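Pasting run-v9.pdb here (PDB, C-alpha atoms):
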```
ATOM      1  CA  MET A   1      44.355-100.428  29.996
ATOM      2  CA  ASN A   2      46.502 -97.442  28.957
ATOM      3  CA  THR A   3      45.827 -98.244  25.324
ATOM      4  CA  LEU A   4      42.078 -98.210  25.919
ATOM      5  CA  ILE A   5      42.280 -94.813  27.709
ATOM      6  CA  ARG A   6      44.405 -93.396  24.875
ATOM      7  CA  ARG A   7      41.893 -94.604  22.251
ATOM      8  CA  ILE A   8      38.979 -93.071  24.186
ATOM      9  CA  ALA A   9      40.878 -89.783  24.592
ATOM     10  CA  LEU A  10      41.739 -89.650  20.869
ATOM     11  CA  PHE A  11      38.141 -90.486  19.959
ATOM     12  CA  ALA A  12      36.870 -87.684  22.258
ATOM     13  CA  LEU A  13      39.369 -85.232  20.761
ATOM     14  CA  ALA A  14      38.305 -86.168  17.241
ATOM     15  CA  LEU A  15      34.676 -85.365  18.129
ATOM     16  CA  SER A  16      35.491 -82.083  19.908
ATOM     17  CA  PRO A  17      35.205 -78.725  18.048
ATOM     18  CA  ALA A  18      39.015 -78.397  18.038
ATOM     19  CA  GLY A  19      39.380 -81.911  16.660
ATOM     20  CA  LEU A  20      36.760 -81.314  13.983
ATOM     21  CA  LEU A  21      38.471 -78.072  12.950
ATOM     22  CA  ALA A  22      41.811 -79.851  12.711
ATOM     23  CA  GLN A  23      40.224 -82.380  10.351
ATOM     24  CA  THR A  24      38.548 -79.735   8.159
ATOM     25  CA  PRO A  25      40.526 -79.218   4.962
ATOM     26  CA  ALA A  26      41.534 -75.688   3.968
ATOM     27  CA  PRO A  27      39.130 -74.107   1.471
ATOM     28  CA  PRO A  28      40.259 -74.141  -2.151
ATOM     29  CA  PRO A  29      41.815 -70.851  -3.372
ATOM     30  CA  GLU A  30      38.601 -69.852  -5.213
ATOM     31  CA  ALA A  31      36.535 -70.196  -2.027
ATOM     32  CA  ALA A  32      39.137 -68.271  -0.021
ATOM     33  CA  LYS A  33      38.799 -65.360  -2.466
ATOM     34  CA  GLN A  34      35.022 -65.380  -2.023
ATOM     35  CA  MET A  35      35.454 -65.235   1.762
ATOM     36  CA  GLU A  36      37.722 -62.140   1.666
ATOM     37  CA  MET A  37      36.256 -58.866   2.895
ATOM     38  CA  LYS A  38      35.098 -56.702   0.047
ATOM     39  CA  HIS A  39      35.927 -53.011   0.386
ATOM     40  CA  ILE A  40      34.230 -50.293  -1.566
ATOM     41  CA  PRO A  41      36.623 -47.738  -3.020
ATOM     42  CA  ALA A  42      37.626 -44.855  -0.753
ATOM     43  CA  PRO A  43      35.682 -41.654  -1.405
ATOM     44  CA  ASP A  44      37.229 -39.266  -3.880
ATOM     45  CA  SER A  45      34.811 -36.401  -4.521
ATOM     46  CA  PRO A  46      36.062 -32.778  -4.600
ATOM     47  CA  GLU A  47      34.258 -32.138  -1.289
ATOM     48  CA  TRP A  48      35.895 -35.185   0.307
ATOM     49  CA  ARG A  49      39.370 -34.101  -0.823
ATOM     50  CA  GLN A  50      38.763 -30.577   0.484
ATOM     51  CA  LEU A  51      37.553 -31.845   3.872
ATOM     52  CA  ARG A  52      40.554 -34.196   4.099
ATOM     53  CA  SER A  53      42.830 -31.172   3.701
ATOM     54  CA  LEU A  54      41.704 -30.119   7.198
ATOM     55  CA  VAL A  55      43.385 -33.097   8.889
ATOM     56  CA  GLY A  56      45.496 -31.786  11.758
ATOM     57  CA  GLN A  57      45.360 -29.742  14.956
ATOM     58  CA  TRP A  58      43.584 -26.382  15.061
ATOM     59  CA  GLN A  59      43.120 -23.565  17.553
ATOM     60  CA  GLY A  60      40.568 -20.845  17.284
ATOM     61  CA  THR A  61      37.945 -18.582  18.729
ATOM     62  CA  VAL A  62      34.173 -18.549  18.906
ATOM     63  CA  ALA A  63      31.819 -15.812  20.074
ATOM     64  CA  GLU A  64      28.670 -16.880  21.903
ATOM     65  CA  ASP A  65      26.329 -14.508  23.695
ATOM     66  CA  GLY A  66      28.759 -11.673  22.990
ATOM     67  CA  LYS A  67      31.618 -13.469  24.747
ATOM     68  CA  LYS A  68      34.723 -14.628  22.860
ATOM     69  CA  SER A  69      36.176 -18.016  23.884
ATOM     70  CA  ALA A  70      39.154 -20.132  22.870
ATOM     71  CA  THR A  71      38.425 -23.432  21.133
ATOM     72  CA  THR A  72      40.439 -26.368  19.833
ATOM     73  CA  LEU A  73      39.833 -28.840  17.059
ATOM     74  CA  GLU A  74      41.432 -32.110  15.987
ATOM     75  CA  ILE A  75      40.580 -33.575  12.606
ATOM     76  CA  ARG A  76      41.830 -37.007  11.605
ATOM     77  CA  MET A  77      41.072 -39.883   9.297
ATOM     78  CA  THR A  78      39.810 -43.204  10.625
ATOM     79  CA  GLY A  79      38.348 -46.456   9.298
ATOM     80  CA  ASP A  80      41.052 -46.972   6.652
ATOM     81  CA  ASN A  81      40.506 -43.385   5.425
ATOM     82  CA  SER A  82      36.758 -43.943   4.972
ATOM     83  CA  ALA A  83      35.688 -41.450   7.659
ATOM     84  CA  ILE A  84      36.785 -38.060   8.929
ATOM     85  CA  MET A  85      36.696 -37.566  12.694
ATOM     86  CA  HIS A  86      36.116 -33.942  13.747
ATOM     87  CA  LEU A  87      36.836 -33.630  17.500
ATOM     88  CA  LEU A  88      35.816 -30.281  18.981
ATOM     89  CA  ASP A  89      37.206 -29.141  22.357
ATOM     90  CA  LYS A  90      38.703 -32.496  23.322
ATOM     91  CA  ASP A  91      38.704 -33.411  27.038
ATOM     92  CA  THR A  92      36.241 -30.672  28.036
ATOM     93  CA  THR A  93      32.674 -30.973  29.309
ATOM     94  CA  HIS A  94      31.441 -29.766  25.924
ATOM     95  CA  GLU A  95      33.620 -32.094  23.805
ATOM     96  CA  MET A  96      31.752 -33.121  20.657
ATOM     97  CA  VAL A  97      32.551 -35.436  17.765
ATOM     98  CA  THR A  98      31.292 -35.167  14.214
ATOM     99  CA  MET A  99      31.927 -38.108  11.909
ATOM    100  CA  ILE A 100      31.871 -37.301   8.202
ATOM    101  CA  HIS A 101      31.576 -40.270   5.877
ATOM    102  CA  PRO A 102      30.271 -41.281   2.464
ATOM    103  CA  ASP A 103      26.775 -42.637   1.982
ATOM    104  CA  GLY A 104      26.602 -43.820  -1.598
ATOM    105  CA  THR A 105      27.309 -40.797  -3.785
ATOM    106  CA  THR A 106      26.852 -38.187  -1.046
ATOM    107  CA  LEU A 107      28.435 -37.347   2.296
ATOM    108  CA  LEU A 108      26.869 -37.434   5.743
ATOM    109  CA  ALA A 109      27.971 -35.672   8.917
ATOM    110  CA  THR A 110      26.783 -37.324  12.144
ATOM    111  CA  HIS A 111      27.208 -34.920  15.065
ATOM    112  CA  TYR A 112      27.499 -36.407  18.574
ATOM    113  CA  CYS A 113      26.326 -33.346  20.465
ATOM    114  CA  SER A 114      26.701 -32.211  24.057
ATOM    115  CA  ALA A 115      22.910 -31.688  23.875
ATOM    116  CA  HIS A 116      22.809 -35.526  24.072
ATOM    117  CA  ASN A 117      21.442 -36.075  20.583
ATOM    118  CA  GLN A 118      22.924 -37.193  17.262
ATOM    119  CA  PRO A 119      21.698 -35.209  14.253
ATOM    120  CA  ARG A 120      22.715 -36.442  10.818
ATOM    121  CA  MET A 121      23.316 -33.823   8.183
ATOM    122  CA  GLN A 122      23.612 -34.460   4.462
ATOM    123  CA  LEU A 123      25.809 -32.665   1.916
ATOM    124  CA  VAL A 124      23.880 -29.915   0.106
ATOM    125  CA  ALA A 125      24.764 -27.199  -2.389
ATOM    126  CA  ALA A 126      27.070 -24.695  -0.717
ATOM    127  CA  PRO A 127      25.859 -21.106  -0.326
ATOM    128  CA  GLY A 128      29.132 -19.635  -1.601
ATOM    129  CA  PRO A 129      32.533 -20.320  -3.132
ATOM    130  CA  ASN A 130      35.120 -22.265  -1.113
ATOM    131  CA  GLN A 131      32.367 -23.688   1.081
ATOM    132  CA  ILE A 132      30.983 -27.135   1.860
ATOM    133  CA  ALA A 133      27.548 -27.303   3.462
ATOM    134  CA  PHE A 134      25.508 -29.916   5.311
ATOM    135  CA  ARG A 135      21.810 -29.684   6.306
ATOM    136  CA  PHE A 136      19.726 -31.746   8.710
ATOM    137  CA  LYS A 137      18.481 -35.081   7.379
ATOM    138  CA  ASP A 138      17.422 -36.985  10.503
ATOM    139  CA  GLY A 139      18.822 -37.995  13.859
ATOM    140  CA  SER A 140      18.451 -39.906  17.087
ATOM    141  CA  ASN A 141      17.366 -38.724  20.539
ATOM    142  CA  ILE A 142      15.570 -35.747  18.980
ATOM    143  CA  GLY A 143      11.967 -35.251  20.057
ATOM    144  CA  PRO A 144       9.485 -32.673  18.771
ATOM    145  CA  GLY A 145      10.767 -29.195  19.646
ATOM    146  CA  ASP A 146      14.106 -30.470  20.989
ATOM    147  CA  GLY A 147      17.127 -28.331  20.202
ATOM    148  CA  HIS A 148      19.602 -29.823  17.727
ATOM    149  CA  MET A 149      22.094 -28.899  15.024
ATOM    150  CA  VAL A 150      20.536 -28.417  11.599
ATOM    151  CA  GLY A 151      23.426 -27.041   9.563
ATOM    152  CA  LEU A 152      27.171 -26.938   9.195
ATOM    153  CA  ILE A 153      29.157 -24.877   6.696
ATOM    154  CA  PHE A 154      32.922 -25.192   6.251
ATOM    155  CA  THR A 155      34.516 -22.087   4.714
ATOM    156  CA  PHE A 156      38.044 -22.617   3.361
ATOM    157  CA  ILE A 157      40.143 -19.459   3.617
ATOM    158  CA  ASP A 158      43.607 -20.885   2.919
ATOM    159  CA  ALA A 159      45.626 -23.997   3.877
ATOM    160  CA  ASP A 160      46.025 -22.771   7.465
ATOM    161  CA  HIS A 161      42.691 -21.014   8.136
ATOM    162  CA  HIS A 162      39.080 -22.068   7.956
ATOM    163  CA  ASP A 163      35.750 -21.121   9.514
ATOM    164  CA  GLU A 164      32.900 -23.356  10.597
ATOM    165  CA  THR A 165      29.348 -22.069  10.832
ATOM    166  CA  TRP A 166      27.107 -24.191  13.041
ATOM    167  CA  ILE A 167      23.339 -23.698  12.903
ATOM    168  CA  TYR A 168      21.128 -24.798  15.814
ATOM    169  CA  GLU A 169      17.353 -25.098  15.919
ATOM    170  CA  ASN A 170      15.274 -24.906  19.102
ATOM    171  CA  ASN A 171      11.477 -25.280  19.266
ATOM    172  CA  GLY A 172      11.358 -25.292  15.465
ATOM    173  CA  HIS A 173      13.226 -21.986  15.079
ATOM    174  CA  GLU A 174      16.789 -21.524  13.895
ATOM    175  CA  LEU A 175      18.976 -19.535  16.243
ATOM    176  CA  PRO A 176      21.644 -17.124  14.958
ATOM    177  CA  PRO A 177      24.582 -19.171  13.630
ATOM    178  CA  THR A 178      27.701 -19.734  15.720
ATOM    179  CA  VAL A 179      30.922 -19.167  13.772
ATOM    180  CA  PHE A 180      34.223 -20.750  14.790
ATOM    181  CA  HIS A 181      37.421 -19.198  13.334
ATOM    182  CA  TYR A 182      40.327 -21.671  13.177
ATOM    183  CA  MET A 183      44.053 -21.416  12.544
ATOM    184  CA  ARG A 184      46.219 -24.516  12.040
ATOM    185  CA  LYS A 185      48.593 -25.259  14.942
ATOM    186  CA  GLY A 186      52.296 -25.554  14.349
TER     187      GLY A 186
END
```

Would you mind writing the file out in structure tokens?
Amino acid sequence: MNTLIRRIALFALALSPAGLLAQTPAPPPEAAKQMEMKHIPAPDSPEWRQLRSLVGQWQGTVAEDGKKSATTLEIRMTGDNSAIMHLLDKDTTHEMVTMIHPDGTTLLATHYCSAHNQPRMQLVAAPGPNQIAFRFKDGSNIGPGDGHMVGLIFTFIDADHHDETWIYENNGHELPPTVFHYMRKG
């Protein structure tokens, strides 16, 4: 009787997913190569290299409605160096993240805004030297007339100082830009 139970158990195991997997031979080396994840090369444009130079911790000031406020910024690489994470005023009620990443031959900046929308801005010709500019392309959670970011300009002063000019549109009209002045921490 024990032999019969063992045979039934082995037969059941052989038909189970685990048993079938155990019986499946390993793919030949050529097939294994085809199954590997294919990575596109990491971005390497002059704009990308310049933006990467901002990786680190920053402190700064911003003036809004005539009032000067302190602000912080963390910039780091993520996704195997395929995206730049720009984290403004971490752990505050107005914390915002902007992810900058390649899209083919250009760069996109997706801004996760405290206005509860996500505008995407595309790299455009910069208005001046030592600048990188993005302008509104499209976005999510943005209805007709809703306020949202439409522009971002990075101005590189030196290795330890940079400015960011953020441009907001409300009811189809651009508001005066908000300029953040940053100094590298440490």

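For the file at hand, the PyMOL selection byres ((chain A and resi 167) around 6) resolves to Met149, Val150, Gly151, Trp166, Tyr168 and Pro177 of chain A.
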
>> If I take atom CA of A:Ile132 and atom CA of A:Phe156, how far is one from the other in Å, to one decimal?
In response: 8.5 Å

> Which is closest to A:Ile40 among A:Arg52, A:Gly104, A:Val124, A:Gln57, if we use only C-alpha atoms?
Replying inline: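 The answer is A:Gly104, which sits nearest to A:Ile40.
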
> Where does the PyMOL selection byres ((chain A and resi 186) around 9) land in this file, that is, which residues does it pick, as a PyMOL selection string?
Replying inline: chain A and resi 57-58+184-185

>> Could you check the closest approach to A:Asp158 for each of A:Asn130, A:Arg135, A:Glu95, A:Pro176 and tell me which residue wins, using all atoms listed in the file?
In response: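 Distance minimum relative to A:Asp158 lands on A:Asn130.
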
> Could you state the separation of atom CA of A:Ile100 and atom CA of A:Thr71 in Å, given to one decimal place?
Replying inline: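 Atom-to-atom, atom CA of A:Ile100 to atom CA of A:Thr71, that is 20.1 Å.
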
Per-residue nearest contacts of stretch 102-122 of chain A to stretch 85-94 of chain A (10 Å; only C-alpha atoms) as a tab-separated table:
```
residue	atom	partner	partner_atom	distance
A:Ala109	CA	A:His86	CA	9.6
A:Thr110	CA	A:Met85	CA	9.9
A:His111	CA	A:His86	CA	9.1
A:Tyr112	CA	A:Leu87	CA	9.8
A:Cys113	CA	A:His94	CA	8.3
A:Ser114	CA	A:His94	CA	5.7
A:Ala115	CA	A:His94	CA	9.0
```

> Out of A:Asp80, A:Glu174, A:Asp146, A:Glu47, which residue has the shortest atom-to-atom distance to A:Phe134 when counting all atoms listed in the file?
Replying inline: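 For A:Phe134, the nearest of the candidates is A:Glu47.
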
>> Could you list, as a PyMOL selection string, every residue within 7 Å of A:Val62, counting all atoms listed in the file and ignoring same-chain residues fewer than 6 positions away?
In response: chain A and resi 68-71+179-181

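Counting from atom CA of A:Glu74, the distance to atom CA of A:Leu54 is 9.0 Å.
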
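For the residues A:Asn171, A:Gly79, A:Asp160, A:His101, ranking by smallest atom-to-atom distance to A:Gly56 using all atoms listed in the file places A:Asp160 first.
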
> How would you write as a PyMOL selection string the residues that get within 6 Å of (21.7, -39.1, 16.3) in the file's frame, counting only C-alpha atoms?
Replying inline: chain A and resi 117-119+139-140

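Candidate residues A:Glu169, A:Gly147, A:His162, A:Pro102 were compared for distance to A:Leu73, and the nearest is A:His162, using all atoms listed in the file.
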
>> Counting only C-alpha atoms, which residue out of A:Lys38, A:Met183, A:Leu175, A:Ala83 sits closest to A:Glu64?
In response: A:Leu175

>> Residues proximal to (22.9, -35.9, 5.4) were defined as those with any atom within 6 Å of that point in the file's coordinates, counting only C-alpha atoms. Which are they, as a ChimeraX atom specification?
In response: /A:108,120-123,137
